[in-house]
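For reference, the structure discussed in these notes is given below.
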Amino acid sequence: MHPLVIVGGGGLGREALDIVEAINSKSPTWEFIGFVADGPADHELLAARGAPFLGDIAELEPGGAIVREAEEIPKYVIGIGSGAARRAIDIRLSLAGLEAAVLEHPSSSLGREVRLGPGTLVMAGARVTTNVRVGRHGVLNLNSTVGHDCQLGNYVTLSPGVNISGRVALEDGVTCGSGSVILPGVSVGHDAVVGAGAVVVKNCPPERTVVGIPARTINEVPS
């Protein structure tokens with residue numbers, strides 16, 4: 001079994017632990033070491049799971065207690081909802097020489113020619129069809145779907161129940177709120193936010209927030 005640390009002590013971190021436990025129930029794969037986080041952590045809820053909290057992220061870096069005591073350098077995943085936070089932590093831990101794991105819940109499904117970048121979390125019930133690329137530290141949350149020939153950049157977040165149609169491109173840092181829909185062939189620019197329940201019918205520029213049916217922009221980049 002390979003040692004694994006989850007970065008982030010909140011709800012998404014505990015959901016990442018759900019994936020680890022589901023994987024291990026099918027085939028023992030991961031030796032879960034514990035959680036680290038620089039921000040707030042749900043200590044009571046972690047304790048109720050019997051999950052150790054090991055301190056801040058520095059404990060996972062060279063010279064930290066986790067690495068000093070490990071026979072094998074652990075891999076990690078980032079259980080934090082913010083794509084920007086995942087980007088910053090990815091850069092930090094990559095520079096420290098650490099390697100991210102990929103976690104796929106056994107109840108999810110992946111078709112042919114699907115490539116998941118390091119750190120990707122695929123939650124229970126997620127469905128990915130064929131010829132799909134997901135970049136680094138993507139989150140495909142509960143019951144989200146991704147159709148054929150899609151390109152999802154780094155640090156993309158699909159909230160529960162998101163439906164991504166075929167030939168969609170989501171650039172780095174895009175966040176799709178719960179129940180949102182992206183229609184076929186649409187592109188969404190980097191760091192844009194698609195509101196919960198929105199239906200995106202045309203290309204969305206970078207760093208915008210779109211809401212509604214059909215989705216419309218509610219913020220503009222200053223000229």
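If you're wondering about the labels, chains in the structure tokens are A, B, ... by order shown, residues count from 1 in each chain, ligands from 1 in order shown.
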
| task | For Gly9 of chain A, please output as a ChimeraX atom specification all residues within 10 Å (counting only C-alpha atoms; exclusion window: fewer than 4 positions along the same chain). | result | /A:13-14,34-43,45-46,51,53,55,78-80

Selection to disk with N, CA and C atoms, as a JSON list (two decimals), in the first residue's frame:
```
[["chain", "number", "residue", "atom", "x", "y", "z"],
["A", 13, "GLY", "N", -11.98, 17.64, 1.96],
["A", 13, "GLY", "CA", -10.93, 16.73, 2.41],
["A", 13, "GLY", "C", -11.51, 15.43, 2.94],
["A", 14, "ARG", "N", -12.61, 15.53, 3.71],
["A", 14, "ARG", "CA", -13.25, 14.31, 4.23],
["A", 14, "ARG", "C", -13.90, 13.52, 3.10],
["A", 34, "GLY", "N", -2.89, 10.79, 7.16],
["A", 34, "GLY", "CA", -3.62, 11.81, 7.90],
["A", 34, "GLY", "C", -3.80, 13.06, 7.07],
["A", 35, "PHE", "N", -4.34, 14.10, 7.73],
["A", 35, "PHE", "CA", -4.61, 15.38, 7.10],
["A", 35, "PHE", "C", -3.57, 16.42, 7.50],
["A", 36, "VAL", "N", -3.29, 17.35, 6.59],
["A", 36, "VAL", "CA", -2.55, 18.56, 6.92],
["A", 36, "VAL", "C", -3.33, 19.74, 6.36],
["A", 37, "ALA", "N", -3.18, 20.89, 6.99],
["A", 37, "ALA", "CA", -3.85, 22.10, 6.50],
["A", 37, "ALA", "C", -3.23, 23.31, 7.16],
["A", 38, "ASP", "N", -3.10, 24.38, 6.39],
["A", 38, "ASP", "CA", -2.67, 25.66, 6.95],
["A", 38, "ASP", "C", -3.84, 26.47, 7.47],
["A", 39, "GLY", "N", -5.01, 26.22, 6.95],
["A", 39, "GLY", "CA", -6.20, 26.96, 7.37],
["A", 39, "GLY", "C", -7.00, 26.18, 8.39],
["A", 40, "PRO", "N", -8.26, 26.58, 8.60],
["A", 40, "PRO", "CA", -9.12, 25.90, 9.58],
["A", 40, "PRO", "C", -9.33, 24.44, 9.21],
["A", 41, "ALA", "N", -9.50, 23.62, 10.22],
["A", 41, "ALA", "CA", -9.79, 22.20, 10.02],
["A", 41, "ALA", "C", -10.95, 21.80, 10.93],
["A", 42, "ASP", "N", -11.75, 20.85, 10.44],
["A", 42, "ASP", "CA", -12.89, 20.34, 11.22],
["A", 42, "ASP", "C", -12.40, 19.27, 12.20],
["A", 43, "HIS", "N", -11.74, 19.71, 13.27],
["A", 43, "HIS", "CA", -11.05, 18.75, 14.14],
["A", 43, "HIS", "C", -12.00, 17.71, 14.74],
["A", 45, "LEU", "N", -14.88, 16.63, 13.54],
["A", 45, "LEU", "CA", -15.35, 15.71, 12.51],
["A", 45, "LEU", "C", -14.24, 14.77, 12.04],
["A", 46, "LEU", "N", -13.00, 15.28, 11.99],
["A", 46, "LEU", "CA", -11.88, 14.40, 11.65],
["A", 46, "LEU", "C", -11.68, 13.35, 12.74],
["A", 51, "ALA", "N", -9.45, 10.05, 11.98],
["A", 51, "ALA", "CA", -8.47, 10.53, 11.01],
["A", 51, "ALA", "C", -7.49, 11.47, 11.69],
["A", 53, "PHE", "N", -4.97, 14.43, 12.43],
["A", 53, "PHE", "CA", -4.58, 15.74, 11.90],
["A", 53, "PHE", "C", -3.12, 15.95, 12.26],
["A", 55, "GLY", "N", -0.97, 18.55, 11.40],
["A", 55, "GLY", "CA", -0.38, 19.87, 11.47],
["A", 55, "GLY", "C", -0.47, 20.61, 10.16],
["A", 78, "ILE", "N", -5.25, 17.19, -2.81],
["A", 78, "ILE", "CA", -5.68, 18.43, -2.19],
["A", 78, "ILE", "C", -7.20, 18.44, -2.12],
["A", 79, "GLY", "N", -7.73, 18.32, -0.92],
["A", 79, "GLY", "CA", -9.17, 18.33, -0.70],
["A", 79, "GLY", "C", -9.64, 19.72, -0.31],
["A", 80, "ILE", "N", -9.50, 20.68, -1.22],
["A", 80, "ILE", "CA", -9.89, 22.07, -1.00],
["A", 80, "ILE", "C", -10.68, 22.53, -2.21]]
```

Would you kindly return, as a tab-separated table (two decimals) with C-alpha atoms, in the first residue's frame, each protein, DNA or RNA residue with an atom no farther than 8 Å from any atom of Val77 of chain A, considering only C-alpha atoms and excluding same-chain residues fewer than 5 positions away?
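Dumped to result-v7.tsv:
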```tsv
chain	number	residue	atom	x	y	z
A	4	LEU	CA	-1.15	9.13	1.23
A	5	VAL	CA	-1.76	12.50	2.88
A	6	ILE	CA	-4.81	14.68	2.26
A	7	VAL	CA	-4.20	18.44	2.22
A	100	ALA	CA	0.21	13.95	-6.37
A	101	ALA	CA	-2.04	10.89	-6.49
A	102	VAL	CA	-5.19	10.38	-8.58
A	119	GLY	CA	-4.18	15.18	-8.10
A	120	THR	CA	-7.56	14.66	-9.80
A	121	LEU	CA	-10.44	13.64	-7.52
A	137	HIS	CA	-5.84	18.77	-9.43
```

| request: Would you please extract all strand (DSSP E or B) residues from segment 11-192 of chain A, as assigned by DSSP on the backbone, and give them as a PyMOL selection string? | output: chain A and resi 30-36+53+75-78+100+103-104+109-110+114-116+121-122+127-128+132-134+139-140+145-146+151-152+157-158+163-164+169-170+175-176+181-182+187-188

Would you export the selected residues with N, CA and C atoms as a short mmCIF file (atom, residue, chain, number, x, y, z; two decimals), in the first residue's frame, please?
```cif
data_model
loop_
_atom_site.label_atom_id
_atom_site.label_comp_id
_atom_site.auth_asym_id
_atom_site.auth_seq_id
_atom_site.Cartn_x
_atom_site.Cartn_y
_atom_site.Cartn_z
N TRP A 30 -4.19 2.33 -0.66
CA TRP A 30 -3.64 3.50 -0.01
C TRP A 30 -3.54 3.31 1.50
N GLU A 31 -2.40 3.67 2.04
CA GLU A 31 -2.22 3.75 3.49
C GLU A 31 -2.42 5.21 3.88
N PHE A 32 -3.60 5.52 4.39
CA PHE A 32 -3.91 6.91 4.73
C PHE A 32 -3.14 7.30 5.98
N ILE A 33 -2.32 8.35 5.85
CA ILE A 33 -1.48 8.81 6.96
C ILE A 33 -2.22 9.83 7.81
N GLY A 34 -2.89 10.79 7.16
CA GLY A 34 -3.62 11.81 7.90
C GLY A 34 -3.80 13.06 7.07
N PHE A 35 -4.34 14.10 7.73
CA PHE A 35 -4.61 15.38 7.10
C PHE A 35 -3.57 16.42 7.50
N VAL A 36 -3.29 17.35 6.59
CA VAL A 36 -2.55 18.56 6.92
C VAL A 36 -3.33 19.74 6.36
N PHE A 53 -4.97 14.43 12.43
CA PHE A 53 -4.58 15.74 11.90
C PHE A 53 -3.12 15.95 12.26
N LYS A 75 2.43 10.22 -1.22
CA LYS A 75 1.77 11.04 -2.21
C LYS A 75 0.70 11.87 -1.50
N TYR A 76 0.12 12.79 -2.25
CA TYR A 76 -0.88 13.67 -1.63
C TYR A 76 -1.98 13.99 -2.63
N VAL A 77 -3.13 14.37 -2.11
CA VAL A 77 -4.20 15.01 -2.87
C VAL A 77 -4.63 16.24 -2.10
N ILE A 78 -5.25 17.19 -2.81
CA ILE A 78 -5.68 18.43 -2.19
C ILE A 78 -7.20 18.44 -2.12
N ALA A 100 1.64 14.03 -6.65
CA ALA A 100 0.21 13.95 -6.37
C ALA A 100 -0.36 12.62 -6.86
N LEU A 103 -7.30 9.95 -7.44
CA LEU A 103 -8.28 9.13 -6.73
C LEU A 103 -9.58 9.07 -7.53
N GLU A 104 -9.99 7.86 -7.85
CA GLU A 104 -11.23 7.63 -8.60
C GLU A 104 -12.14 6.72 -7.77
N SER A 109 -17.32 6.23 -13.37
CA SER A 109 -16.97 5.49 -14.57
C SER A 109 -16.18 6.38 -15.52
N LEU A 110 -15.17 5.80 -16.14
CA LEU A 110 -14.34 6.48 -17.12
C LEU A 110 -14.35 5.67 -18.41
N VAL A 114 -9.40 8.48 -21.68
CA VAL A 114 -9.58 9.51 -20.66
C VAL A 114 -8.26 9.67 -19.91
N ARG A 115 -7.78 10.90 -19.82
CA ARG A 115 -6.52 11.18 -19.12
C ARG A 115 -6.79 12.11 -17.96
N LEU A 116 -6.44 11.65 -16.76
CA LEU A 116 -6.64 12.44 -15.55
C LEU A 116 -5.30 12.95 -15.07
N LEU A 121 -9.49 14.36 -8.38
CA LEU A 121 -10.44 13.64 -7.52
C LEU A 121 -11.71 13.38 -8.33
N VAL A 122 -12.08 12.12 -8.46
CA VAL A 122 -13.32 11.74 -9.14
C VAL A 122 -14.24 11.12 -8.10
N ARG A 127 -19.37 10.58 -14.07
CA ARG A 127 -19.32 9.84 -15.33
C ARG A 127 -18.52 10.64 -16.36
N VAL A 128 -17.53 10.01 -16.94
CA VAL A 128 -16.70 10.63 -17.98
C VAL A 128 -16.71 9.67 -19.16
N VAL A 132 -11.32 12.42 -23.20
CA VAL A 132 -11.44 13.56 -22.30
C VAL A 132 -10.11 13.75 -21.59
N ARG A 133 -9.69 15.00 -21.48
CA ARG A 133 -8.49 15.33 -20.71
C ARG A 133 -8.88 16.20 -19.54
N VAL A 134 -8.38 15.84 -18.36
CA VAL A 134 -8.55 16.65 -17.15
C VAL A 134 -7.16 17.03 -16.67
N VAL A 139 -11.36 18.59 -9.82
CA VAL A 139 -12.36 17.96 -8.95
C VAL A 139 -13.61 17.70 -9.77
N LEU A 140 -13.98 16.43 -9.91
CA LEU A 140 -15.22 16.02 -10.56
C LEU A 140 -16.12 15.49 -9.45
N THR A 145 -21.08 14.93 -14.83
CA THR A 145 -20.85 14.19 -16.07
C THR A 145 -20.03 15.03 -17.04
N VAL A 146 -19.16 14.35 -17.80
CA VAL A 146 -18.33 15.01 -18.79
C VAL A 146 -18.45 14.22 -20.09
N GLN A 151 -12.01 19.10 -22.99
CA GLN A 151 -10.71 19.49 -22.45
C GLN A 151 -10.95 20.32 -21.20
N LEU A 152 -10.56 19.79 -20.04
CA LEU A 152 -10.67 20.51 -18.78
C LEU A 152 -9.26 20.86 -18.33
N THR A 157 -13.03 22.92 -11.25
CA THR A 157 -13.91 22.37 -10.22
C THR A 157 -15.31 22.16 -10.80
N LEU A 158 -15.77 20.92 -10.83
CA LEU A 158 -17.16 20.61 -11.17
C LEU A 158 -17.87 20.26 -9.88
N ASN A 163 -23.31 19.06 -15.54
CA ASN A 163 -23.36 18.31 -16.80
C ASN A 163 -22.59 19.07 -17.87
N ILE A 164 -21.48 18.49 -18.32
CA ILE A 164 -20.64 19.06 -19.35
C ILE A 164 -20.89 18.28 -20.64
N ALA A 169 -14.61 23.06 -23.76
CA ALA A 169 -13.29 23.40 -23.25
C ALA A 169 -13.44 24.30 -22.03
N LEU A 170 -12.96 23.84 -20.89
CA LEU A 170 -12.93 24.64 -19.67
C LEU A 170 -11.45 24.96 -19.39
N THR A 175 -14.69 27.25 -12.36
CA THR A 175 -15.54 26.63 -11.35
C THR A 175 -16.97 26.59 -11.86
N CYS A 176 -17.57 25.40 -11.85
CA CYS A 176 -18.97 25.22 -12.28
C CYS A 176 -19.80 24.87 -11.06
N VAL A 181 -25.02 23.53 -16.42
CA VAL A 181 -24.95 22.78 -17.67
C VAL A 181 -24.15 23.60 -18.68
N ILE A 182 -23.22 22.96 -19.36
CA ILE A 182 -22.46 23.59 -20.45
C ILE A 182 -22.85 22.88 -21.74
N SER A 187 -16.82 27.10 -24.99
CA SER A 187 -15.56 27.31 -24.27
C SER A 187 -15.80 28.28 -23.11
N VAL A 188 -15.16 27.99 -21.99
CA VAL A 188 -15.26 28.86 -20.81
C VAL A 188 -13.84 29.28 -20.44
#
```

Shell around Gly185 of chain A at 12 Å using only C-alpha atoms, local window under 6 positions removed, as a PDB file with N, CA and C atoms, in the first residue's frame:
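Output saved as out13.pdb:
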```pdb
ATOM      1  N   GLY A 147     -18.905  14.875 -21.157  1.00  0.00           N
ATOM      2  CA  GLY A 147     -19.129  14.203 -22.424  1.00  0.00           C
ATOM      3  C   GLY A 147     -17.865  14.075 -23.260  1.00  0.00           C
ATOM      4  N   HIS A 148     -18.033  13.563 -24.447  1.00  0.00           N
ATOM      5  CA  HIS A 148     -16.920  13.207 -25.324  1.00  0.00           C
ATOM      6  C   HIS A 148     -16.094  14.420 -25.742  1.00  0.00           C
ATOM      7  N   ASP A 149     -14.807  14.193 -25.903  1.00  0.00           N
ATOM      8  CA  ASP A 149     -13.886  15.148 -26.523  1.00  0.00           C
ATOM      9  C   ASP A 149     -13.789  16.474 -25.773  1.00  0.00           C
ATOM     10  N   CYS A 150     -13.903  16.419 -24.464  1.00  0.00           N
ATOM     11  CA  CYS A 150     -13.791  17.634 -23.656  1.00  0.00           C
ATOM     12  C   CYS A 150     -12.356  17.843 -23.192  1.00  0.00           C
ATOM     13  N   GLN A 151     -12.010  19.095 -22.988  1.00  0.00           N
ATOM     14  CA  GLN A 151     -10.712  19.487 -22.447  1.00  0.00           C
ATOM     15  C   GLN A 151     -10.946  20.324 -21.200  1.00  0.00           C
ATOM     16  N   ILE A 164     -21.481  18.487 -18.317  1.00  0.00           N
ATOM     17  CA  ILE A 164     -20.640  19.061 -19.354  1.00  0.00           C
ATOM     18  C   ILE A 164     -20.887  18.276 -20.640  1.00  0.00           C
ATOM     19  N   SER A 165     -21.393  18.947 -21.673  1.00  0.00           N
ATOM     20  CA  SER A 165     -21.685  18.275 -22.939  1.00  0.00           C
ATOM     21  C   SER A 165     -20.406  18.050 -23.739  1.00  0.00           C
ATOM     22  N   GLY A 166     -20.548  17.441 -24.916  1.00  0.00           N
ATOM     23  CA  GLY A 166     -19.393  17.097 -25.723  1.00  0.00           C
ATOM     24  C   GLY A 166     -18.671  18.309 -26.303  1.00  0.00           C
ATOM     25  N   ARG A 167     -17.349  18.136 -26.514  1.00  0.00           N
ATOM     26  CA  ARG A 167     -16.482  19.121 -27.171  1.00  0.00           C
ATOM     27  C   ARG A 167     -16.422  20.444 -26.417  1.00  0.00           C
ATOM     28  N   VAL A 168     -16.584  20.406 -25.128  1.00  0.00           N
ATOM     29  CA  VAL A 168     -16.493  21.610 -24.296  1.00  0.00           C
ATOM     30  C   VAL A 168     -15.047  21.805 -23.860  1.00  0.00           C
ATOM     31  N   ALA A 169     -14.613  23.059 -23.764  1.00  0.00           N
ATOM     32  CA  ALA A 169     -13.286  23.399 -23.248  1.00  0.00           C
ATOM     33  C   ALA A 169     -13.444  24.301 -22.030  1.00  0.00           C
ATOM     34  N   LEU A 170     -12.964  23.838 -20.893  1.00  0.00           N
ATOM     35  CA  LEU A 170     -12.925  24.641 -19.667  1.00  0.00           C
ATOM     36  C   LEU A 170     -11.454  24.958 -19.387  1.00  0.00           C
ATOM     37  N   VAL A 200     -25.036  27.347 -19.848  1.00  0.00           N
ATOM     38  CA  VAL A 200     -24.127  28.146 -20.667  1.00  0.00           C
ATOM     39  C   VAL A 200     -24.307  27.731 -22.118  1.00  0.00           C
ATOM     40  N   VAL A 201     -24.770  28.663 -22.949  1.00  0.00           N
ATOM     41  CA  VAL A 201     -25.107  28.350 -24.336  1.00  0.00           C
ATOM     42  C   VAL A 201     -24.119  28.963 -25.324  1.00  0.00           C
ATOM     43  N   LYS A 202     -23.233  29.833 -24.846  1.00  0.00           N
ATOM     44  CA  LYS A 202     -22.244  30.449 -25.735  1.00  0.00           C
ATOM     45  C   LYS A 202     -20.945  30.635 -24.970  1.00  0.00           C
ATOM     46  N   ASN A 203     -19.864  30.914 -25.683  1.00  0.00           N
ATOM     47  CA  ASN A 203     -18.555  31.025 -25.065  1.00  0.00           C
ATOM     48  C   ASN A 203     -18.552  32.096 -23.978  1.00  0.00           C
ATOM     49  N   CYS A 204     -17.800  31.793 -22.908  1.00  0.00           N
ATOM     50  CA  CYS A 204     -17.702  32.697 -21.763  1.00  0.00           C
ATOM     51  C   CYS A 204     -16.271  33.219 -21.666  1.00  0.00           C
TER      52      CYS A 204
END
```

| task | Apply DSSP to the structure's backbone, then extract all residues of chain A labelled helix (DSSP H, G or I) and return them as a VMD selection string. | result | chain A and resid 11 to 26 43 to 48 57 to 60 65 to 69 83 to 95

| request: Would you work out the distance separating atom CA of Val199 of chain A from atom CA of Ala126 of chain A, expressed in Å to one decimal? | output: 19.1 Å
